[in-house]
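J.: Sharing entry_27.cif (mmCIF, N, CA and C atoms) below.
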data_work
#
loop_
_atom_site.label_atom_id
_atom_site.label_comp_id
_atom_site.auth_asym_id
_atom_site.auth_seq_id
_atom_site.Cartn_x
_atom_site.Cartn_y
_atom_site.Cartn_z
N MET A 1 127.83 144.91 119.25
CA MET A 1 127.57 144.51 117.87
C MET A 1 128.18 143.14 117.64
N VAL A 2 127.44 142.32 116.92
CA VAL A 2 127.88 140.94 116.68
C VAL A 2 127.96 140.70 115.18
N TYR A 3 129.08 140.11 114.76
CA TYR A 3 129.24 139.77 113.35
C TYR A 3 128.41 138.53 113.05
N ALA A 4 127.49 138.64 112.12
CA ALA A 4 126.58 137.54 111.79
C ALA A 4 127.26 136.58 110.82
N GLY A 5 127.36 135.33 111.23
CA GLY A 5 128.01 134.32 110.40
C GLY A 5 127.01 133.54 109.57
N ILE A 6 127.53 132.85 108.57
CA ILE A 6 126.69 131.99 107.75
C ILE A 6 127.02 130.53 108.06
N SER A 7 126.05 129.67 107.81
CA SER A 7 126.25 128.25 108.05
C SER A 7 126.82 127.58 106.81
N CYS A 8 127.16 126.31 106.94
CA CYS A 8 127.68 125.54 105.80
C CYS A 8 126.65 125.42 104.68
N ASN A 9 125.38 125.53 105.03
CA ASN A 9 124.31 125.41 104.03
C ASN A 9 124.02 126.70 103.30
N GLN A 10 124.65 127.79 103.71
CA GLN A 10 124.41 129.08 103.08
C GLN A 10 125.60 129.45 102.19
N SER A 11 125.30 129.92 100.98
CA SER A 11 126.37 130.27 100.04
C SER A 11 126.88 131.69 100.25
N GLY A 12 126.03 132.57 100.81
CA GLY A 12 126.45 133.96 100.96
C GLY A 12 126.47 134.71 99.64
N LEU A 13 125.78 134.20 98.65
CA LEU A 13 125.71 134.85 97.33
C LEU A 13 124.27 135.19 97.00
N GLY A 14 124.07 136.35 96.39
CA GLY A 14 122.73 136.75 95.98
C GLY A 14 122.78 137.63 94.75
N ILE A 15 121.68 137.61 94.00
CA ILE A 15 121.54 138.46 92.82
C ILE A 15 120.75 139.71 93.22
N ILE A 16 121.28 140.86 92.87
CA ILE A 16 120.63 142.14 93.19
C ILE A 16 119.53 142.40 92.15
N ILE A 17 118.33 142.75 92.65
CA ILE A 17 117.21 142.96 91.72
C ILE A 17 116.79 144.43 91.62
N ASN A 18 117.58 145.33 92.22
CA ASN A 18 117.32 146.76 92.02
C ASN A 18 118.58 147.41 91.47
N ASN A 19 118.44 148.61 90.91
CA ASN A 19 119.60 149.38 90.50
C ASN A 19 120.09 150.11 91.74
N VAL A 20 121.35 149.89 92.09
CA VAL A 20 121.92 150.50 93.28
C VAL A 20 122.71 151.74 92.85
N ALA A 21 122.13 152.90 93.11
CA ALA A 21 122.80 154.17 92.77
C ALA A 21 123.95 154.41 93.72
N SER A 22 124.86 155.30 93.36
CA SER A 22 126.03 155.55 94.20
C SER A 22 125.66 156.15 95.55
N ASN A 23 124.47 156.76 95.67
CA ASN A 23 124.06 157.34 96.95
C ASN A 23 123.02 156.47 97.68
N SER A 24 122.76 155.28 97.16
CA SER A 24 121.76 154.40 97.75
C SER A 24 122.29 153.70 98.99
N ASP A 25 121.39 153.50 99.96
CA ASP A 25 121.77 152.75 101.16
C ASP A 25 120.94 151.48 101.30
N GLU A 26 120.38 151.02 100.18
CA GLU A 26 119.60 149.78 100.17
C GLU A 26 120.00 148.90 99.00
N VAL A 27 120.02 147.61 99.28
CA VAL A 27 120.23 146.60 98.23
C VAL A 27 119.07 145.62 98.36
N ILE A 28 118.42 145.35 97.25
CA ILE A 28 117.33 144.37 97.24
C ILE A 28 117.80 143.16 96.45
N ILE A 29 117.68 141.99 97.09
CA ILE A 29 118.13 140.77 96.42
C ILE A 29 116.93 139.90 96.07
N SER A 30 117.17 138.94 95.20
CA SER A 30 116.14 137.98 94.82
C SER A 30 115.62 137.26 96.06
N GLU A 31 114.30 137.08 96.13
CA GLU A 31 113.72 136.38 97.28
C GLU A 31 114.25 134.95 97.39
N ASP A 32 114.65 134.37 96.29
CA ASP A 32 115.23 133.02 96.31
C ASP A 32 116.57 132.98 97.03
N ASP A 33 117.25 134.13 97.12
CA ASP A 33 118.60 134.19 97.70
C ASP A 33 118.62 134.64 99.16
N VAL A 34 117.49 135.05 99.71
CA VAL A 34 117.44 135.59 101.07
C VAL A 34 118.02 134.61 102.09
N LEU A 35 117.70 133.34 101.96
CA LEU A 35 118.16 132.35 102.94
C LEU A 35 119.65 132.04 102.83
N GLN A 36 120.31 132.59 101.82
CA GLN A 36 121.75 132.38 101.66
C GLN A 36 122.57 133.32 102.56
N PHE A 37 121.87 134.22 103.27
CA PHE A 37 122.52 135.20 104.13
C PHE A 37 122.02 135.04 105.57
N PRO A 38 122.82 135.49 106.54
CA PRO A 38 122.42 135.32 107.94
C PRO A 38 121.24 136.20 108.32
N ALA A 39 120.47 135.74 109.29
CA ALA A 39 119.45 136.59 109.90
C ALA A 39 120.18 137.62 110.75
N LEU A 40 119.62 138.81 110.84
CA LEU A 40 120.26 139.86 111.64
C LEU A 40 119.35 140.26 112.79
N GLN A 41 119.91 140.21 114.00
CA GLN A 41 119.21 140.70 115.19
C GLN A 41 119.53 142.18 115.35
N ASN A 42 119.15 142.77 116.48
CA ASN A 42 119.28 144.22 116.68
C ASN A 42 120.58 144.86 116.22
N ASN A 43 121.70 144.46 116.77
CA ASN A 43 122.97 145.10 116.43
C ASN A 43 123.88 144.22 115.58
N ASP A 44 123.35 143.16 115.01
CA ASP A 44 124.15 142.29 114.17
C ASP A 44 124.48 142.98 112.85
N PHE A 45 125.55 142.55 112.24
CA PHE A 45 125.94 143.08 110.93
C PHE A 45 126.84 142.07 110.25
N PHE A 46 127.11 142.30 108.99
CA PHE A 46 128.14 141.55 108.28
C PHE A 46 128.64 142.40 107.13
N TYR A 47 129.83 142.06 106.66
CA TYR A 47 130.39 142.74 105.50
C TYR A 47 130.07 141.92 104.26
N ALA A 48 130.02 142.62 103.14
CA ALA A 48 129.75 141.96 101.86
C ALA A 48 130.41 142.77 100.76
N TYR A 49 130.44 142.16 99.59
CA TYR A 49 130.93 142.84 98.39
C TYR A 49 129.79 142.98 97.41
N LEU A 50 129.71 144.13 96.75
CA LEU A 50 128.85 144.30 95.59
C LEU A 50 129.78 144.15 94.39
N LYS A 51 129.37 143.32 93.42
CA LYS A 51 130.25 143.04 92.28
C LYS A 51 129.48 143.07 90.96
N ASN A 52 130.14 143.64 89.93
CA ASN A 52 129.59 143.61 88.58
C ASN A 52 130.65 144.08 87.60
N CYS A 53 130.90 143.27 86.59
CA CYS A 53 131.78 143.65 85.46
C CYS A 53 133.10 144.28 85.91
N GLY A 54 133.77 143.66 86.84
CA GLY A 54 135.06 144.17 87.29
C GLY A 54 134.98 145.22 88.37
N LYS A 55 133.79 145.75 88.63
CA LYS A 55 133.62 146.71 89.72
C LYS A 55 133.37 145.94 91.02
N CYS A 56 133.90 146.45 92.11
CA CYS A 56 133.73 145.78 93.39
C CYS A 56 133.73 146.84 94.49
N GLU A 57 132.75 146.74 95.39
CA GLU A 57 132.67 147.67 96.51
C GLU A 57 132.42 146.88 97.79
N HIS A 58 133.20 147.19 98.81
CA HIS A 58 133.06 146.55 100.11
C HIS A 58 132.03 147.34 100.91
N ILE A 59 131.00 146.66 101.43
CA ILE A 59 129.94 147.33 102.17
C ILE A 59 129.72 146.65 103.53
N LYS A 60 128.97 147.32 104.39
CA LYS A 60 128.58 146.75 105.67
C LYS A 60 127.06 146.64 105.66
N VAL A 61 126.55 145.44 105.90
CA VAL A 61 125.10 145.22 105.94
C VAL A 61 124.66 145.37 107.39
N LEU A 62 123.80 146.37 107.63
CA LEU A 62 123.40 146.74 108.98
C LEU A 62 122.06 146.15 109.40
N ALA A 63 121.20 145.88 108.43
CA ALA A 63 119.87 145.36 108.75
C ALA A 63 119.32 144.62 107.54
N LYS A 64 118.36 143.75 107.82
CA LYS A 64 117.75 142.95 106.76
C LYS A 64 116.25 142.91 107.03
N ASN A 65 115.47 143.32 106.06
CA ASN A 65 114.02 143.29 106.16
C ASN A 65 113.49 142.56 104.94
N GLY A 66 113.15 141.30 105.11
CA GLY A 66 112.75 140.49 103.95
C GLY A 66 113.95 140.31 103.03
N ASN A 67 113.82 140.78 101.80
CA ASN A 67 114.92 140.66 100.85
C ASN A 67 115.64 142.00 100.62
N THR A 68 115.42 142.97 101.54
CA THR A 68 116.05 144.28 101.44
C THR A 68 117.11 144.42 102.53
N PHE A 69 118.32 144.76 102.11
CA PHE A 69 119.42 144.99 103.03
C PHE A 69 119.65 146.49 103.18
N LYS A 70 119.77 146.96 104.43
CA LYS A 70 120.17 148.33 104.72
C LYS A 70 121.68 148.30 104.81
N ILE A 71 122.36 149.14 104.03
CA ILE A 71 123.82 149.05 103.95
C ILE A 71 124.51 150.37 104.28
N GLU A 72 125.77 150.23 104.68
CA GLU A 72 126.68 151.36 104.83
C GLU A 72 127.67 151.20 103.69
N ARG A 73 127.76 152.23 102.87
CA ARG A 73 128.57 152.13 101.66
C ARG A 73 130.07 152.20 101.95
N GLY A 74 130.84 151.62 101.06
CA GLY A 74 132.29 151.66 101.13
C GLY A 74 132.82 152.97 100.58
N LEU A 75 134.11 153.01 100.34
CA LEU A 75 134.75 154.24 99.86
C LEU A 75 134.44 154.54 98.40
N ASN A 76 134.33 153.51 97.57
CA ASN A 76 134.20 153.71 96.13
C ASN A 76 132.82 154.18 95.69
N LYS A 77 131.77 153.78 96.36
CA LYS A 77 130.39 154.17 96.08
C LYS A 77 130.07 154.13 94.58
N GLU A 78 130.19 152.97 94.03
CA GLU A 78 129.88 152.75 92.62
C GLU A 78 128.38 152.56 92.41
N CYS A 79 127.95 152.61 91.16
CA CYS A 79 126.59 152.24 90.79
C CYS A 79 126.61 150.77 90.38
N PHE A 80 125.61 150.02 90.82
CA PHE A 80 125.52 148.61 90.47
C PHE A 80 124.15 148.34 89.88
N PRO A 81 124.11 147.90 88.62
CA PRO A 81 122.82 147.65 87.98
C PRO A 81 122.17 146.36 88.47
N MET A 82 120.88 146.26 88.20
CA MET A 82 120.15 145.03 88.49
C MET A 82 120.91 143.88 87.84
N GLY A 83 120.99 142.74 88.53
CA GLY A 83 121.74 141.60 88.02
C GLY A 83 123.14 141.50 88.60
N SER A 84 123.57 142.55 89.34
CA SER A 84 124.87 142.50 90.01
C SER A 84 124.80 141.48 91.13
N VAL A 85 125.93 141.20 91.73
CA VAL A 85 126.02 140.17 92.77
C VAL A 85 126.38 140.80 94.11
N ILE A 86 125.80 140.28 95.18
CA ILE A 86 126.23 140.60 96.53
C ILE A 86 126.81 139.33 97.12
N GLU A 87 128.00 139.45 97.71
CA GLU A 87 128.70 138.27 98.24
C GLU A 87 129.12 138.52 99.68
N TYR A 88 128.71 137.63 100.58
CA TYR A 88 129.07 137.68 102.00
C TYR A 88 130.59 137.64 102.13
N ASP A 89 131.12 138.42 103.08
CA ASP A 89 132.56 138.49 103.28
C ASP A 89 132.95 137.97 104.66
N ASN A 90 133.83 136.99 104.68
CA ASN A 90 134.42 136.53 105.95
C ASN A 90 135.93 136.42 105.82
N ARG A 91 136.51 137.08 104.80
CA ARG A 91 137.95 136.96 104.58
C ARG A 91 138.70 138.28 104.63
N SER A 92 138.01 139.41 104.52
CA SER A 92 138.72 140.69 104.53
C SER A 92 139.22 141.00 105.94
N LEU A 93 140.14 141.91 106.04
CA LEU A 93 140.68 142.32 107.34
C LEU A 93 139.57 142.85 108.23
N GLU A 94 138.65 143.65 107.66
CA GLU A 94 137.54 144.19 108.45
C GLU A 94 136.67 143.07 109.00
N ALA A 95 136.38 142.08 108.18
CA ALA A 95 135.52 140.97 108.62
C ALA A 95 136.22 140.14 109.70
N ILE A 96 137.49 139.85 109.50
CA ILE A 96 138.23 139.04 110.49
C ILE A 96 138.30 139.78 111.82
N ARG A 97 138.57 141.09 111.78
CA ARG A 97 138.59 141.88 113.02
C ARG A 97 137.23 141.84 113.71
N ALA A 98 136.17 142.03 112.93
CA ALA A 98 134.81 142.05 113.50
C ALA A 98 134.46 140.70 114.12
N ILE A 99 134.83 139.62 113.45
CA ILE A 99 134.57 138.28 113.98
C ILE A 99 135.32 138.09 115.29
N ALA A 100 136.59 138.47 115.31
CA ALA A 100 137.41 138.31 116.52
C ALA A 100 136.86 139.16 117.67
N GLU A 101 136.41 140.36 117.37
CA GLU A 101 135.90 141.25 118.42
C GLU A 101 134.57 140.78 118.99
N THR A 102 133.81 140.01 118.25
CA THR A 102 132.53 139.54 118.77
C THR A 102 132.69 138.31 119.66
N GLU A 103 133.85 137.68 119.58
CA GLU A 103 134.10 136.53 120.45
C GLU A 103 134.38 137.03 121.86
N ASN A 104 133.73 136.45 122.83
CA ASN A 104 133.96 136.83 124.23
C ASN A 104 134.82 135.77 124.89
N TYR A 105 136.12 135.95 124.76
CA TYR A 105 137.04 135.01 125.36
C TYR A 105 137.01 135.17 126.87
N LYS A 106 137.08 134.07 127.57
CA LYS A 106 137.11 134.10 129.03
C LYS A 106 138.50 133.66 129.48
N PHE A 107 139.19 134.57 130.17
CA PHE A 107 140.52 134.29 130.65
C PHE A 107 140.46 133.99 132.13
N VAL A 108 141.11 132.93 132.55
CA VAL A 108 141.12 132.55 133.96
C VAL A 108 142.53 132.68 134.50
N PHE A 109 142.60 132.79 135.81
CA PHE A 109 143.88 132.94 136.48
C PHE A 109 144.85 131.87 136.01
N PRO A 110 146.08 132.19 135.75
CA PRO A 110 146.79 133.44 136.02
C PRO A 110 146.77 134.43 134.86
N LEU A 111 145.89 134.21 133.87
CA LEU A 111 145.84 135.11 132.73
C LEU A 111 144.98 136.33 133.04
N LEU A 112 145.46 137.47 132.58
CA LEU A 112 144.73 138.73 132.72
C LEU A 112 144.49 139.29 131.32
N CYS A 113 143.32 139.84 131.11
CA CYS A 113 143.00 140.42 129.81
C CYS A 113 142.76 141.91 129.98
N ASN A 114 143.43 142.70 129.16
CA ASN A 114 143.23 144.15 129.15
C ASN A 114 142.42 144.48 127.90
N GLN A 115 141.14 144.81 128.09
CA GLN A 115 140.26 145.09 126.95
C GLN A 115 140.68 146.35 126.20
N GLU A 116 141.25 147.31 126.92
CA GLU A 116 141.64 148.57 126.29
C GLU A 116 142.79 148.36 125.30
N THR A 117 143.82 147.62 125.74
CA THR A 117 144.97 147.38 124.87
C THR A 117 144.84 146.09 124.06
N LYS A 118 143.81 145.30 124.39
CA LYS A 118 143.57 144.02 123.73
C LYS A 118 144.78 143.10 123.85
N THR A 119 145.29 143.01 125.08
CA THR A 119 146.45 142.16 125.36
C THR A 119 146.12 141.17 126.47
N VAL A 120 146.85 140.09 126.50
CA VAL A 120 146.73 139.08 127.55
C VAL A 120 148.08 138.98 128.23
N SER A 121 148.06 138.94 129.58
CA SER A 121 149.31 138.84 130.32
C SER A 121 149.12 137.88 131.49
N ILE A 122 150.21 137.62 132.20
CA ILE A 122 150.17 136.72 133.36
C ILE A 122 150.34 137.56 134.63
N ASP A 123 149.49 137.29 135.62
CA ASP A 123 149.60 137.96 136.91
C ASP A 123 150.73 137.27 137.69
N GLU A 124 151.95 137.73 137.45
CA GLU A 124 153.13 137.07 138.02
C GLU A 124 153.18 137.16 139.55
N THR A 125 152.80 138.29 140.10
CA THR A 125 152.83 138.46 141.55
C THR A 125 151.92 137.46 142.23
N ARG A 126 150.69 137.38 141.77
CA ARG A 126 149.72 136.46 142.37
C ARG A 126 150.15 135.01 142.15
N LEU A 127 150.70 134.71 140.99
CA LEU A 127 151.17 133.36 140.69
C LEU A 127 152.31 132.98 141.64
N ARG A 128 153.25 133.89 141.89
CA ARG A 128 154.35 133.62 142.83
C ARG A 128 153.83 133.36 144.24
N GLU A 129 152.81 134.15 144.65
CA GLU A 129 152.22 133.96 145.98
C GLU A 129 151.63 132.55 146.11
N ILE A 130 150.94 132.10 145.11
CA ILE A 130 150.32 130.77 145.16
C ILE A 130 151.40 129.69 145.17
N ILE A 131 152.43 129.85 144.37
CA ILE A 131 153.52 128.86 144.34
C ILE A 131 154.22 128.84 145.70
N ARG A 132 154.46 130.01 146.28
CA ARG A 132 155.10 130.10 147.60
C ARG A 132 154.23 129.40 148.65
N THR A 133 152.91 129.63 148.62
CA THR A 133 151.99 129.00 149.56
C THR A 133 152.01 127.49 149.40
N ILE A 134 151.99 127.01 148.19
CA ILE A 134 152.03 125.56 147.94
C ILE A 134 153.36 124.98 148.43
N ALA A 135 154.46 125.69 148.12
CA ALA A 135 155.77 125.21 148.53
C ALA A 135 155.90 125.14 150.05
N THR A 136 155.36 126.12 150.74
CA THR A 136 155.48 126.13 152.21
C THR A 136 154.48 125.23 152.89
N ASP A 137 153.22 125.34 152.52
CA ASP A 137 152.17 124.59 153.21
C ASP A 137 152.10 123.12 152.80
N VAL A 138 152.25 122.84 151.56
CA VAL A 138 152.08 121.46 151.08
C VAL A 138 153.41 120.71 151.10
N LEU A 139 154.45 121.33 150.58
CA LEU A 139 155.72 120.64 150.46
C LEU A 139 156.63 120.86 151.68
N GLY A 140 156.32 121.85 152.48
CA GLY A 140 157.12 122.14 153.67
C GLY A 140 158.48 122.70 153.37
N ILE A 141 158.63 123.39 152.28
CA ILE A 141 159.92 123.98 151.90
C ILE A 141 160.09 125.34 152.54
#
I'd like the structure from this file rewritten - as structure tokens, please.
T.:
Amino acid sequence: MVYAGISCNQSGLGIIINNVASNSDEVIISEDDVLQFPALQNNDFFYAYLKNCGKCEHIKVLAKNGNTFKIERGLNKECFPMGSVIEYDNRSLEAIRAIAETENYKFVFPLLCNQETKTVSIDETRLREIIRTIATDVLGI
């Protein structure tokens, strides 16, 4: 899964043109606002906020078909009337984690990456062997 980013030319803001019930998994935005959000490929997604009159719900946008977003609802599952706002999220902890996880960092020797623990370490044994080889073969120590 890849976190879909927005460009500098995209605001990440849209006006909702349907009433979003608390059990709804779709948000329809104004056709004028569609280009303000990223295109989504097969497993792409992004987080967003639904906002209206002090109410705010964090959602995950799973798919986009024209101006209709397929969403996974947050914990609050509020109702949002037509005219509410959807806002792209790149600042929440969930968004930052998702962005970081989609980056495929390439670690080269002597760095080792453990995907399970998400840690980076140094292969000290192999590094010592190379230093020893250089010291003996090149420097004659």
J.: Write out as a tab-separated table (two decimals) with N, CA and C atoms, in the frame of the given file the set of residues from chain A that DSSP, computed on the backbone, places in helix (DSSP H, G or I).
T.:
chain	number	residue	atom	x	y	z
A	31	GLU	N	114.30	137.08	96.13
A	31	GLU	CA	113.72	136.38	97.28
A	31	GLU	C	114.25	134.95	97.39
A	32	ASP	N	114.65	134.37	96.29
A	32	ASP	CA	115.23	133.02	96.31
A	32	ASP	C	116.57	132.98	97.03
A	33	ASP	N	117.25	134.13	97.12
A	33	ASP	CA	118.60	134.19	97.70
A	33	ASP	C	118.62	134.64	99.16
A	34	VAL	N	117.49	135.05	99.71
A	34	VAL	CA	117.44	135.59	101.07
A	34	VAL	C	118.02	134.61	102.09
A	35	LEU	N	117.70	133.34	101.96
A	35	LEU	CA	118.16	132.35	102.94
A	35	LEU	C	119.65	132.04	102.83
A	36	GLN	N	120.31	132.59	101.82
A	36	GLN	CA	121.75	132.38	101.66
A	36	GLN	C	122.57	133.32	102.56
A	93	LEU	N	140.14	141.91	106.04
A	93	LEU	CA	140.68	142.32	107.34
A	93	LEU	C	139.57	142.85	108.23
A	94	GLU	N	138.65	143.65	107.66
A	94	GLU	CA	137.54	144.19	108.45
A	94	GLU	C	136.67	143.07	109.00
A	95	ALA	N	136.38	142.08	108.18
A	95	ALA	CA	135.52	140.97	108.62
A	95	ALA	C	136.22	140.14	109.70
A	96	ILE	N	137.49	139.85	109.50
A	96	ILE	CA	138.23	139.04	110.49
A	96	ILE	C	138.30	139.78	111.82
A	97	ARG	N	138.57	141.09	111.78
A	97	ARG	CA	138.59	141.88	113.02
A	97	ARG	C	137.23	141.84	113.71
A	98	ALA	N	136.17	142.03	112.93
A	98	ALA	CA	134.81	142.05	113.50
A	98	ALA	C	134.46	140.70	114.12
A	99	ILE	N	134.83	139.62	113.45
A	99	ILE	CA	134.57	138.28	113.98
A	99	ILE	C	135.32	138.09	115.29
A	100	ALA	N	136.59	138.47	115.31
A	100	ALA	CA	137.41	138.31	116.52
A	100	ALA	C	136.86	139.16	117.67
A	101	GLU	N	136.41	140.36	117.37
A	101	GLU	CA	135.90	141.25	118.42
A	101	GLU	C	134.57	140.78	118.99
A	102	THR	N	133.81	140.01	118.25
A	102	THR	CA	132.53	139.54	118.77
A	102	THR	C	132.69	138.31	119.66
A	124	GLU	N	151.95	137.73	137.45
A	124	GLU	CA	153.13	137.07	138.02
A	124	GLU	C	153.18	137.16	139.55
A	125	THR	N	152.80	138.29	140.10
A	125	THR	CA	152.83	138.46	141.55
A	125	THR	C	151.92	137.46	142.23
A	126	ARG	N	150.69	137.38	141.77
A	126	ARG	CA	149.72	136.46	142.37
A	126	ARG	C	150.15	135.01	142.15
A	127	LEU	N	150.70	134.71	140.99
A	127	LEU	CA	151.17	133.36	140.69
A	127	LEU	C	152.31	132.98	141.64
A	128	ARG	N	153.25	133.89	141.89
A	128	ARG	CA	154.35	133.62	142.83
A	128	ARG	C	153.83	133.36	144.24
A	129	GLU	N	152.81	134.15	144.65
A	129	GLU	CA	152.22	133.96	145.98
A	129	GLU	C	151.63	132.55	146.11
A	130	ILE	N	150.94	132.10	145.11
A	130	ILE	CA	150.32	130.77	145.16
A	130	ILE	C	151.40	129.69	145.17
A	131	ILE	N	152.43	129.85	144.37
A	131	ILE	CA	153.52	128.86	144.34
A	131	ILE	C	154.22	128.84	145.70
A	132	ARG	N	154.46	130.01	146.28
A	132	ARG	CA	155.10	130.10	147.60
A	132	ARG	C	154.23	129.40	148.65
A	133	THR	N	152.91	129.63	148.62
A	133	THR	CA	151.99	129.00	149.56
A	133	THR	C	152.01	127.49	149.40
A	134	ILE	N	151.99	127.01	148.19
A	134	ILE	CA	152.03	125.56	147.94
A	134	ILE	C	153.36	124.98	148.43
A	135	ALA	N	154.46	125.69	148.12
A	135	ALA	CA	155.77	125.21	148.53
A	135	ALA	C	155.90	125.14	150.05
A	136	THR	N	155.36	126.12	150.74
A	136	THR	CA	155.48	126.13	152.21
A	136	THR	C	154.48	125.23	152.89
A	137	ASP	N	153.22	125.34	152.52
A	137	ASP	CA	152.17	124.59	153.21
A	137	ASP	C	152.10	123.12	152.80
A	138	VAL	N	152.25	122.84	151.56
A	138	VAL	CA	152.08	121.46	151.08
A	138	VAL	C	153.41	120.71	151.10
J.: So that I can check the secondary structure, give me every residue of segment 9-96 of chain A assigned strand (DSSP E) by backbone DSSP, as a PyMOL selection string.
T.: chain A and resi 13-15+26-28+44-52+55-65+68-72+85-89
J.: Need to verify the contact set: Asp123 of chain A, 8 Å, only N, CA and C atoms, exclusion of same-chain residues closer than 4 positions in sequence. Can you return it as a ChimeraX atom specification?
T.: /A:109-112,127-129
J.: Write the residues you've just listed into a file as a PDB file, in the frame of the given file, and include N, CA and C atoms for each of them.
T.:
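Just written: selection02.pdb:
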ATOM      1  N   PHE A 109     142.600 132.790 135.810  1.00  0.00           N
ATOM      2  CA  PHE A 109     143.880 132.940 136.480  1.00  0.00           C
ATOM      3  C   PHE A 109     144.850 131.870 136.010  1.00  0.00           C
ATOM      4  N   PRO A 110     146.080 132.190 135.750  1.00  0.00           N
ATOM      5  CA  PRO A 110     146.790 133.440 136.020  1.00  0.00           C
ATOM      6  C   PRO A 110     146.770 134.430 134.860  1.00  0.00           C
ATOM      7  N   LEU A 111     145.890 134.210 133.870  1.00  0.00           N
ATOM      8  CA  LEU A 111     145.840 135.110 132.730  1.00  0.00           C
ATOM      9  C   LEU A 111     144.980 136.330 133.040  1.00  0.00           C
ATOM     10  N   LEU A 112     145.460 137.470 132.580  1.00  0.00           N
ATOM     11  CA  LEU A 112     144.730 138.730 132.720  1.00  0.00           C
ATOM     12  C   LEU A 112     144.490 139.290 131.320  1.00  0.00           C
ATOM     13  N   LEU A 127     150.700 134.710 140.990  1.00  0.00           N
ATOM     14  CA  LEU A 127     151.170 133.360 140.690  1.00  0.00           C
ATOM     15  C   LEU A 127     152.310 132.980 141.640  1.00  0.00           C
ATOM     16  N   ARG A 128     153.250 133.890 141.890  1.00  0.00           N
ATOM     17  CA  ARG A 128     154.350 133.620 142.830  1.00  0.00           C
ATOM     18  C   ARG A 128     153.830 133.360 144.240  1.00  0.00           C
ATOM     19  N   GLU A 129     152.810 134.150 144.650  1.00  0.00           N
ATOM     20  CA  GLU A 129     152.220 133.960 145.980  1.00  0.00           C
ATOM     21  C   GLU A 129     151.630 132.550 146.110  1.00  0.00           C
TER      22      GLU A 129
END
J.: Using the chain letters and numbers from the file, give me the residues hit by the PyMOL selection byres (((chain A and resi 71 and name CA) around 9) and name CA), as a list in words.
T.: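 Checking the PyMOL selection byres (((chain A and resi 71 and name CA) around 9) and name CA) against this file, the residues are Ser24, Asp25, Glu26, Val27, Ile59, Lys60, Val61, Leu62, Ala63, Phe69, Lys70, Glu72 and Arg73 of chain A.
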J.: Using only C-alpha atoms, which of the listed residues (A:Ala95, A:Ser84, A:Asp44, A:Ile28) sits closest to Asn65 of chain A?
T.: A:Ile28
J.: Which distance in Å separates atom CA of Val2 of chain A and atom N of Asn42 of chain A, to one decimal?
T.: 8.9 Å
J.: Nearest to Met1 of chain A: which of A:Gln36, A:Asn18, A:Asn43, A:Asn114 is it, counting only N, CA and C atoms?
T.: A:Asn43
J.: Which residues would end up in the selection if the PyMOL selection byres ((chain A and resi 57) around 6.5) were applied here, given that I need the answer as JSON, numbers by chain?
T.: {"A": [48, 49, 50, 51, 55, 56, 58, 59, 74, 76, 77, 78]}
J.: Expand the PyMOL selection byres (((chain A and resi 17 and name CA) around 12) and name CA) into the individual residues it matches in the shown file, reporting them as number ranges by chain.
T.: A: 14-16, 18-20, 26-34, 67-69, 80-86
J.: To one decimal place in Å, what is the distance between atom C of Tyr3 of chain A and atom N of Phe45 of chain A?
T.: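 Separation of atom C of Tyr3 of chain A and atom N of Phe45 of chain A: 5.0 Å.
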J.: Ranking A:Phe37, A:Ile99, A:Arg126, A:Ile131 by minimum distance to Ile6 of chain A and counting only N, CA and C atoms, which one comes first?
T.: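 When distances to Ile6 of chain A are compared using only N, CA and C atoms, the smallest one comes from A:Phe37.
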J.: Please report the interatomic distance between atom N of Arg91 of chain A and atom N of Gln10 of chain A in Å with one decimal.
T.: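 Between atom N of Arg91 of chain A and atom N of Gln10 of chain A the gap works out to 15.1 Å.
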J.: Each side padded by 8 Å, which centre and which edge lengths in Å (one decimal) define the axis-aligned box around the listed atoms of segment 91-94 of chain A? Give them as lines of an AutoDock Vina configuration file.
T.:
center_x = 138.6
center_y = 140.6
center_z = 106.8
size_x = 20.2
size_y = 23.2
size_z = 20.5
